[in-house]
Amino acid sequence: MTILVSGGAGFIGGNFVLDWLDQFDETVINLDKLTYAGNLGTLKELSGDHRHVFVHGDIGDRELVTDLLATYRPRAVINFAAESHVDRSIHGPGEFIQTNVVGAFNLLEAVRGYWVGLPGDEKQAFRFLHVSTDEVYGTLSKDDAPFTELNRYEPNSPYSASKAASDHLVRAWHHTYGLPVLTTNCSNNYGPYHFPEKLIPLVILNALAGKSLPIYGDGQQVRDWLYVRDHCSAIRRVLQSGKVGETYNVGGWNEKPNLDVVHTICSILDELRPKADGSRYKEQIAFVKDRPGHDRRYAIDARKLERELGWKPEETFETGIRKTIEWYLANQDWVGNVTSGAYREWVGKQYEVQ
Ligand code: NAD
């Protein structure tokens, strides 16, 4: 048996591939364009493992995807590939439209062509799982109930708008052509192999490097956090037992203001890696100009996935964040490889200190 994963050299896709091959003896075809966010170092432990086939390419290359599907005949395609960073989408939305919308369209078309030609039982068993975000639902105020699958799509950033567009394409390819699709909308992930432009790895690494810890605005933006391996288990569950055509929200019931997240990281670092001069990591916090159009609160109601498919996260925020910090402390070589000059230049341009 074989599955095809796109974006499997990125943060969540990489964790998913490692997790999958830990549990199943099934070949994974990993199609990734290796943008700045793709890193084969994440998959180093798979070198020599014949069950992992890496293909350097673009989901928007219909011919390539068609060839891969015909050659490897996967029973499922799981689409992680995307431009994923909200800040980058504000500075340059074009790539987001190209990959998240046009790329997703080309991928769907290649998959549809393959699926139509499958023999009866393989056709019936085939699944296309699209990995998406809670950001498509827009923003919540303090007293609103968490997002359910019935919330309206109200995306506010170029990133979330491009993801919303791809979710709609996936939905339409099911309703119009019958493609057996599943969509997951997940909250903020954190964990090992996270590219350090995102809040949690950025704060861990800046803290250790003695740099400032940038907090947007007042730091009271609320996010729901899920440990990445719990997201991987949710995707596996949906792939295995999800109802075709349905969407499933995935979340950890861990709503936290960004400032609290940063304080938690600082106090765990104070304990695990105390500073020689006795100062505290939280003294490095610097409030910076807020992101334009910054959504105030996201919160996910994951009860459908829990009730219908029996999924539950294993980690609480407290256990997951500790594991994550320990992983970054123990894997400085991975960090060194991803924090290239290009990365430093980008991060340096991002934050205006208030
Ligand atoms: P990431 O940016 O870390 O990784 C994306 C991967 O996709 C990279 O390896 C990149 O090289 C690859 N890629 C980009 N464009 C491509 C293209 N055109 N063709 C092939 N590969 C391409 O992203 P992530 O955080 O791992 O997110 C994975 C998916 O999960 C995305 O679709 C994202 O929208 C969704 N998601 C992310 C989060 C989160 O908190 N990170 C939460 C919910 C949903």
# chains A, B, ... in the order shown; residues from 1 in each chain; ligands from 1
call {"tool": "residues_around", "arguments": {"residues": "region 280-288 of chain A", "least_positions_apart": "5", "cutoff": "9 Å", "atoms": "only C-alpha atoms", "output": "list in words"}}
result
Asn206, Ala207, Leu208, Gly210, Lys211, Ser212, Leu213, Pro214, Ile215, Tyr216, Gly217, Asp218, Gly219, Val262, His263, Ile265, Cys266, Ser267, Leu269, Asp270, Pro274, Lys275, Tyr351, Glu352, Val353 and Gln354 of chain A
call {"tool": "write_last_selection", "arguments": {"atoms": "N, CA and C atoms", "output": "PDB file, in the first residue's frame"}}
result
ATOM      1  N   ASN A 206      15.172  32.811  20.167  1.00  0.00           N
ATOM      2  CA  ASN A 206      15.638  34.158  20.518  1.00  0.00           C
ATOM      3  C   ASN A 206      16.028  34.228  21.987  1.00  0.00           C
ATOM      4  N   ALA A 207      15.240  33.573  22.843  1.00  0.00           N
ATOM      5  CA  ALA A 207      15.560  33.592  24.277  1.00  0.00           C
ATOM      6  C   ALA A 207      16.958  33.013  24.502  1.00  0.00           C
ATOM      7  N   LEU A 208      17.219  31.849  23.880  1.00  0.00           N
ATOM      8  CA  LEU A 208      18.514  31.191  24.090  1.00  0.00           C
ATOM      9  C   LEU A 208      19.664  32.020  23.529  1.00  0.00           C
ATOM     10  N   GLY A 210      19.775  35.226  23.543  1.00  0.00           N
ATOM     11  CA  GLY A 210      19.883  36.514  24.242  1.00  0.00           C
ATOM     12  C   GLY A 210      19.259  37.661  23.470  1.00  0.00           C
ATOM     13  N   LYS A 211      18.389  37.331  22.485  1.00  0.00           N
ATOM     14  CA  LYS A 211      17.758  38.386  21.676  1.00  0.00           C
ATOM     15  C   LYS A 211      16.403  38.757  22.262  1.00  0.00           C
ATOM     16  N   SER A 212      15.800  39.836  21.690  1.00  0.00           N
ATOM     17  CA  SER A 212      14.503  40.244  22.211  1.00  0.00           C
ATOM     18  C   SER A 212      13.422  39.252  21.774  1.00  0.00           C
ATOM     19  N   LEU A 213      12.359  39.179  22.566  1.00  0.00           N
ATOM     20  CA  LEU A 213      11.239  38.274  22.287  1.00  0.00           C
ATOM     21  C   LEU A 213      10.078  39.131  21.812  1.00  0.00           C
ATOM     22  N   PRO A 214       9.884  39.218  20.474  1.00  0.00           N
ATOM     23  CA  PRO A 214       8.904  40.168  19.950  1.00  0.00           C
ATOM     24  C   PRO A 214       7.466  39.717  20.187  1.00  0.00           C
ATOM     25  N   ILE A 215       6.650  40.613  20.767  1.00  0.00           N
ATOM     26  CA  ILE A 215       5.227  40.326  21.004  1.00  0.00           C
ATOM     27  C   ILE A 215       4.430  41.372  20.235  1.00  0.00           C
ATOM     28  N   TYR A 216       3.550  40.910  19.361  1.00  0.00           N
ATOM     29  CA  TYR A 216       2.721  41.843  18.595  1.00  0.00           C
ATOM     30  C   TYR A 216       1.719  42.562  19.500  1.00  0.00           C
ATOM     31  N   GLY A 217       1.617  43.890  19.353  1.00  0.00           N
ATOM     32  CA  GLY A 217       0.585  44.681  20.039  1.00  0.00           C
ATOM     33  C   GLY A 217       0.639  44.480  21.544  1.00  0.00           C
ATOM     34  N   ASP A 218      -0.537  44.153  22.130  1.00  0.00           N
ATOM     35  CA  ASP A 218      -0.583  43.974  23.584  1.00  0.00           C
ATOM     36  C   ASP A 218      -0.383  42.509  23.998  1.00  0.00           C
ATOM     37  N   GLY A 219      -0.207  41.620  23.019  1.00  0.00           N
ATOM     38  CA  GLY A 219       0.041  40.209  23.344  1.00  0.00           C
ATOM     39  C   GLY A 219      -1.194  39.467  23.815  1.00  0.00           C
ATOM     40  N   VAL A 262       4.307  33.072  25.861  1.00  0.00           N
ATOM     41  CA  VAL A 262       5.708  33.508  25.955  1.00  0.00           C
ATOM     42  C   VAL A 262       6.192  33.427  27.409  1.00  0.00           C
ATOM     43  N   HIS A 263       5.342  33.813  28.344  1.00  0.00           N
ATOM     44  CA  HIS A 263       5.743  33.713  29.758  1.00  0.00           C
ATOM     45  C   HIS A 263       5.991  32.255  30.159  1.00  0.00           C
ATOM     46  N   ILE A 265       6.961  29.811  28.194  1.00  0.00           N
ATOM     47  CA  ILE A 265       8.251  29.376  27.617  1.00  0.00           C
ATOM     48  C   ILE A 265       9.406  29.927  28.463  1.00  0.00           C
ATOM     49  N   CYS A 266       9.293  31.194  28.845  1.00  0.00           N
ATOM     50  CA  CYS A 266      10.380  31.818  29.620  1.00  0.00           C
ATOM     51  C   CYS A 266      10.576  31.103  30.945  1.00  0.00           C
ATOM     52  N   SER A 267       9.473  30.750  31.613  1.00  0.00           N
ATOM     53  CA  SER A 267       9.703  30.135  32.928  1.00  0.00           C
ATOM     54  C   SER A 267      10.228  28.708  32.795  1.00  0.00           C
ATOM     55  N   LEU A 269      12.262  27.743  30.424  1.00  0.00           N
ATOM     56  CA  LEU A 269      13.693  27.934  30.113  1.00  0.00           C
ATOM     57  C   LEU A 269      14.483  28.352  31.355  1.00  0.00           C
ATOM     58  N   ASP A 270      13.858  29.196  32.210  1.00  0.00           N
ATOM     59  CA  ASP A 270      14.536  29.582  33.467  1.00  0.00           C
ATOM     60  C   ASP A 270      14.916  28.331  34.266  1.00  0.00           C
ATOM     61  N   PRO A 274      18.972  27.868  33.098  1.00  0.00           N
ATOM     62  CA  PRO A 274      19.058  29.169  33.786  1.00  0.00           C
ATOM     63  C   PRO A 274      20.205  30.022  33.242  1.00  0.00           C
ATOM     64  N   LYS A 275      19.980  31.331  33.230  1.00  0.00           N
ATOM     65  CA  LYS A 275      21.009  32.217  32.674  1.00  0.00           C
ATOM     66  C   LYS A 275      22.127  32.404  33.704  1.00  0.00           C
ATOM     67  N   TYR A 351      10.097  43.081  12.607  1.00  0.00           N
ATOM     68  CA  TYR A 351       9.518  43.621  13.831  1.00  0.00           C
ATOM     69  C   TYR A 351       9.977  45.036  14.119  1.00  0.00           C
ATOM     70  N   GLU A 352       9.023  45.932  14.246  1.00  0.00           N
ATOM     71  CA  GLU A 352       9.321  47.304  14.650  1.00  0.00           C
ATOM     72  C   GLU A 352       9.072  47.400  16.141  1.00  0.00           C
ATOM     73  N   VAL A 353      10.108  47.640  16.895  1.00  0.00           N
ATOM     74  CA  VAL A 353       9.947  47.695  18.352  1.00  0.00           C
ATOM     75  C   VAL A 353       9.207  48.982  18.727  1.00  0.00           C
ATOM     76  N   GLN A 354       8.224  48.854  19.660  1.00  0.00           N
ATOM     77  CA  GLN A 354       7.435  50.032  20.052  1.00  0.00           C
ATOM     78  C   GLN A 354       8.165  50.864  21.084  1.00  0.00           C
TER      79      GLN A 354
END
call {"tool": "residues_near_ligand", "arguments": {"ligand": "ligand 1", "cutoff": "7 Å", "atoms": "only C-alpha atoms and all ligand atoms", "output": "number ranges by chain"}}
result
A: 6-13, 31-39, 57-60, 79-85, 99, 103, 131-134, 163, 185-190, 194-195
call {"tool": "write_last_selection", "arguments": {"atoms": "N, CA and C atoms", "output": "short mmCIF file (atom, residue, chain, number, x, y, z; two decimals), in the first residue's frame"}}
result
data_model
loop_
_atom_site.label_atom_id
_atom_site.label_comp_id
_atom_site.auth_asym_id
_atom_site.auth_seq_id
_atom_site.Cartn_x
_atom_site.Cartn_y
_atom_site.Cartn_z
N SER A 6 1.82 15.57 0.14
CA SER A 6 2.48 16.76 -0.43
C SER A 6 2.85 17.69 0.72
N GLY A 7 3.99 18.35 0.59
CA GLY A 7 4.45 19.25 1.67
C GLY A 7 5.02 18.48 2.85
N GLY A 8 5.52 17.28 2.60
CA GLY A 8 6.01 16.42 3.67
C GLY A 8 7.41 16.76 4.15
N ALA A 9 8.00 17.86 3.65
CA ALA A 9 9.28 18.31 4.21
C ALA A 9 9.06 19.54 5.09
N GLY A 10 7.80 19.93 5.28
CA GLY A 10 7.49 21.07 6.13
C GLY A 10 7.28 20.63 7.57
N PHE A 11 6.80 21.54 8.37
CA PHE A 11 6.65 21.28 9.81
C PHE A 11 5.65 20.14 10.08
N ILE A 12 4.40 20.33 9.69
CA ILE A 12 3.40 19.31 10.04
C ILE A 12 3.55 18.08 9.14
N GLY A 13 3.76 18.33 7.83
CA GLY A 13 3.93 17.21 6.91
C GLY A 13 5.11 16.33 7.31
N LEU A 31 5.95 14.52 -1.95
CA LEU A 31 6.16 15.53 -3.00
C LEU A 31 6.28 16.90 -2.34
N ASP A 32 7.44 17.54 -2.49
CA ASP A 32 7.64 18.83 -1.82
C ASP A 32 8.52 19.71 -2.71
N LYS A 33 8.14 20.98 -2.76
CA LYS A 33 8.86 21.94 -3.60
C LYS A 33 10.14 22.44 -2.91
N LEU A 34 10.27 22.16 -1.63
CA LEU A 34 11.40 22.65 -0.84
C LEU A 34 11.53 24.17 -0.95
N THR A 35 10.49 24.85 -0.56
CA THR A 35 10.57 26.30 -0.40
C THR A 35 11.43 26.55 0.84
N TYR A 36 11.56 27.79 1.25
CA TYR A 36 12.34 28.10 2.45
C TYR A 36 11.84 27.28 3.66
N ALA A 37 10.55 26.88 3.64
CA ALA A 37 9.95 26.18 4.80
C ALA A 37 10.14 24.67 4.73
N GLY A 38 10.61 24.17 3.60
CA GLY A 38 10.80 22.73 3.45
C GLY A 38 12.23 22.38 3.84
N ASN A 39 12.40 21.31 4.57
CA ASN A 39 13.73 21.01 5.08
C ASN A 39 13.90 19.49 5.16
N GLY A 57 9.26 18.61 -6.18
CA GLY A 57 8.38 19.13 -7.23
C GLY A 57 7.22 19.91 -6.64
N ASP A 58 6.42 20.44 -7.54
CA ASP A 58 5.37 21.41 -7.20
C ASP A 58 3.99 20.75 -7.34
N ILE A 59 3.11 20.96 -6.37
CA ILE A 59 1.75 20.41 -6.51
C ILE A 59 1.03 21.01 -7.72
N GLY A 60 1.51 22.17 -8.16
CA GLY A 60 0.89 22.81 -9.33
C GLY A 60 1.34 22.23 -10.66
N ASN A 79 -2.83 16.42 1.41
CA ASN A 79 -2.24 17.68 0.96
C ASN A 79 -1.89 18.62 2.12
N PHE A 80 -0.60 18.66 2.44
CA PHE A 80 -0.09 19.62 3.42
C PHE A 80 0.53 20.83 2.73
N ALA A 81 0.86 20.69 1.44
CA ALA A 81 1.67 21.72 0.78
C ALA A 81 0.94 23.05 0.76
N ALA A 82 1.62 24.08 1.23
CA ALA A 82 1.02 25.42 1.22
C ALA A 82 2.09 26.43 1.58
N GLU A 83 1.84 27.67 1.23
CA GLU A 83 2.53 28.78 1.88
C GLU A 83 1.74 29.00 3.16
N SER A 84 2.44 29.10 4.30
CA SER A 84 1.70 28.98 5.56
C SER A 84 1.88 30.14 6.55
N HIS A 85 2.69 31.12 6.21
CA HIS A 85 2.99 32.14 7.23
C HIS A 85 2.23 33.44 6.97
N THR A 99 0.33 28.88 -4.85
CA THR A 99 0.37 27.51 -4.31
C THR A 99 -0.95 27.10 -3.70
N GLY A 103 -2.22 26.02 -7.19
CA GLY A 103 -1.57 24.72 -6.97
C GLY A 103 -2.58 23.67 -6.51
N VAL A 131 -5.51 19.36 4.23
CA VAL A 131 -5.20 19.86 5.57
C VAL A 131 -5.35 21.38 5.57
N SER A 132 -6.26 21.86 6.41
CA SER A 132 -6.50 23.30 6.43
C SER A 132 -6.49 23.84 7.86
N THR A 133 -6.89 25.09 7.98
CA THR A 133 -6.67 25.85 9.20
C THR A 133 -7.98 26.40 9.78
N ASP A 134 -7.95 26.71 11.08
CA ASP A 134 -9.11 27.36 11.69
C ASP A 134 -9.20 28.83 11.28
N LYS A 163 -6.33 29.82 1.85
CA LYS A 163 -6.70 28.50 2.37
C LYS A 163 -8.22 28.28 2.23
N ASN A 185 -9.71 21.18 9.62
CA ASN A 185 -9.40 22.58 9.94
C ASN A 185 -8.83 22.61 11.35
N CYS A 186 -7.54 22.86 11.43
CA CYS A 186 -6.87 22.72 12.72
C CYS A 186 -6.41 24.07 13.27
N SER A 187 -6.28 24.10 14.60
CA SER A 187 -5.78 25.30 15.26
C SER A 187 -4.25 25.34 15.16
N ASN A 188 -3.64 26.30 15.86
CA ASN A 188 -2.19 26.48 15.80
C ASN A 188 -1.44 25.26 16.31
N ASN A 189 -0.51 24.80 15.51
CA ASN A 189 0.32 23.67 15.93
C ASN A 189 1.64 24.16 16.51
N TYR A 190 2.22 23.34 17.36
CA TYR A 190 3.58 23.60 17.84
C TYR A 190 4.23 22.26 18.09
N HIS A 194 9.64 22.87 13.92
CA HIS A 194 8.83 24.03 13.53
C HIS A 194 9.76 25.14 13.08
N PHE A 195 9.55 25.67 11.90
CA PHE A 195 10.43 26.69 11.35
C PHE A 195 10.38 27.94 12.24
#
call {"tool": "select_by_dssp", "arguments": {"residues": "region 208-313 of chain A", "states": "helix (DSSP H, G or I)", "output": "count of residues only"}}
result
41
call {"tool": "closest_residue", "arguments": {"among": "A:Glu109, A:Asp224, A:Asp19, A:Glu122", "to": "Ala302 (chain A)", "atoms": "only C-alpha atoms"}}
result
A:Asp224
call {"tool": "select_by_dssp", "arguments": {"residues": "region 97-346 of chain A", "states": "strand (DSSP E or B)", "output": "number ranges by chain"}}
result
A: 127-133, 147, 181-186, 188-190, 213-216, 222-227, 247-250, 255-257, 285-288, 297, 300
call {"tool": "residues_around", "arguments": {"residues": "Glu315 (chain A)", "least_positions_apart": "3", "cutoff": "7 Å", "atoms": "only C-alpha atoms", "output": "list in words"}}
result
Tyr227, Thr319 and Gly320 of chain A
call {"tool": "write_last_selection", "arguments": {"atoms": "C-alpha atoms", "output": "mmCIF file, in the first residue's frame"}}
result
data_model
loop_
_atom_site.group_PDB
_atom_site.id
_atom_site.type_symbol
_atom_site.label_atom_id
_atom_site.label_comp_id
_atom_site.auth_asym_id
_atom_site.auth_seq_id
_atom_site.Cartn_x
_atom_site.Cartn_y
_atom_site.Cartn_z
ATOM 1 C CA TYR A 227 0.846 19.583 19.791
ATOM 2 C CA THR A 319 3.217 18.729 28.640
ATOM 3 C CA GLY A 320 3.527 19.573 24.942
#
call {"tool": "closest_residue", "arguments": {"among": "A:Asn258, A:Gln124, A:Gln220, A:Gln23", "to": "Val244 (chain A)", "atoms": "only C-alpha atoms"}}
result
A:Gln124
call {"tool": "residues_around", "arguments": {"residues": "region 175-183 of chain A", "least_positions_apart": "6", "cutoff": "7 Å", "atoms": "only C-alpha atoms", "output": "list in words"}}
result
Arg112, Phe126, Arg127, Phe128, Leu129, His130, Val131, Ser132, Val244, Gly245, Glu246, Thr247 and Tyr248 of chain A
call {"tool": "write_last_selection", "arguments": {"atoms": "N, CA and C atoms", "output": "PDB file, in the first residue's frame"}}
result
ATOM      1  N   ARG A 112      -8.184  13.936  -9.594  1.00  0.00           N
ATOM      2  CA  ARG A 112      -9.476  13.534 -10.176  1.00  0.00           C
ATOM      3  C   ARG A 112      -9.265  12.611 -11.387  1.00  0.00           C
ATOM      4  N   PHE A 126     -10.407   5.029  -2.278  1.00  0.00           N
ATOM      5  CA  PHE A 126      -9.486   6.171  -2.387  1.00  0.00           C
ATOM      6  C   PHE A 126      -9.989   7.376  -1.578  1.00  0.00           C
ATOM      7  N   ARG A 127      -9.028   8.154  -0.994  1.00  0.00           N
ATOM      8  CA  ARG A 127      -9.371   9.395  -0.285  1.00  0.00           C
ATOM      9  C   ARG A 127      -8.383  10.500  -0.651  1.00  0.00           C
ATOM     10  N   PHE A 128      -8.930  11.732  -0.735  1.00  0.00           N
ATOM     11  CA  PHE A 128      -8.090  12.930  -0.843  1.00  0.00           C
ATOM     12  C   PHE A 128      -8.326  13.721   0.433  1.00  0.00           C
ATOM     13  N   LEU A 129      -7.282  13.862   1.253  1.00  0.00           N
ATOM     14  CA  LEU A 129      -7.463  14.604   2.510  1.00  0.00           C
ATOM     15  C   LEU A 129      -6.732  15.941   2.407  1.00  0.00           C
ATOM     16  N   HIS A 130      -7.468  17.007   2.639  1.00  0.00           N
ATOM     17  CA  HIS A 130      -6.923  18.364   2.531  1.00  0.00           C
ATOM     18  C   HIS A 130      -6.742  18.933   3.936  1.00  0.00           C
ATOM     19  N   VAL A 131      -5.513  19.360   4.229  1.00  0.00           N
ATOM     20  CA  VAL A 131      -5.197  19.859   5.573  1.00  0.00           C
ATOM     21  C   VAL A 131      -5.350  21.378   5.574  1.00  0.00           C
ATOM     22  N   SER A 132      -6.260  21.862   6.412  1.00  0.00           N
ATOM     23  CA  SER A 132      -6.497  23.305   6.426  1.00  0.00           C
ATOM     24  C   SER A 132      -6.489  23.843   7.858  1.00  0.00           C
ATOM     25  N   VAL A 244     -16.823  10.688   3.953  1.00  0.00           N
ATOM     26  CA  VAL A 244     -16.448  11.392   2.723  1.00  0.00           C
ATOM     27  C   VAL A 244     -17.286  12.662   2.548  1.00  0.00           C
ATOM     28  N   GLY A 245     -16.609  13.754   2.174  1.00  0.00           N
ATOM     29  CA  GLY A 245     -17.304  15.026   1.940  1.00  0.00           C
ATOM     30  C   GLY A 245     -17.400  15.891   3.189  1.00  0.00           C
ATOM     31  N   GLU A 246     -17.026  15.323   4.359  1.00  0.00           N
ATOM     32  CA  GLU A 246     -17.175  16.075   5.619  1.00  0.00           C
ATOM     33  C   GLU A 246     -15.915  16.874   5.944  1.00  0.00           C
ATOM     34  N   THR A 247     -16.105  17.884   6.796  1.00  0.00           N
ATOM     35  CA  THR A 247     -14.950  18.589   7.346  1.00  0.00           C
ATOM     36  C   THR A 247     -14.916  18.321   8.859  1.00  0.00           C
ATOM     37  N   TYR A 248     -13.708  18.313   9.409  1.00  0.00           N
ATOM     38  CA  TYR A 248     -13.523  18.057  10.844  1.00  0.00           C
ATOM     39  C   TYR A 248     -12.613  19.124  11.440  1.00  0.00           C
TER      40      TYR A 248
END
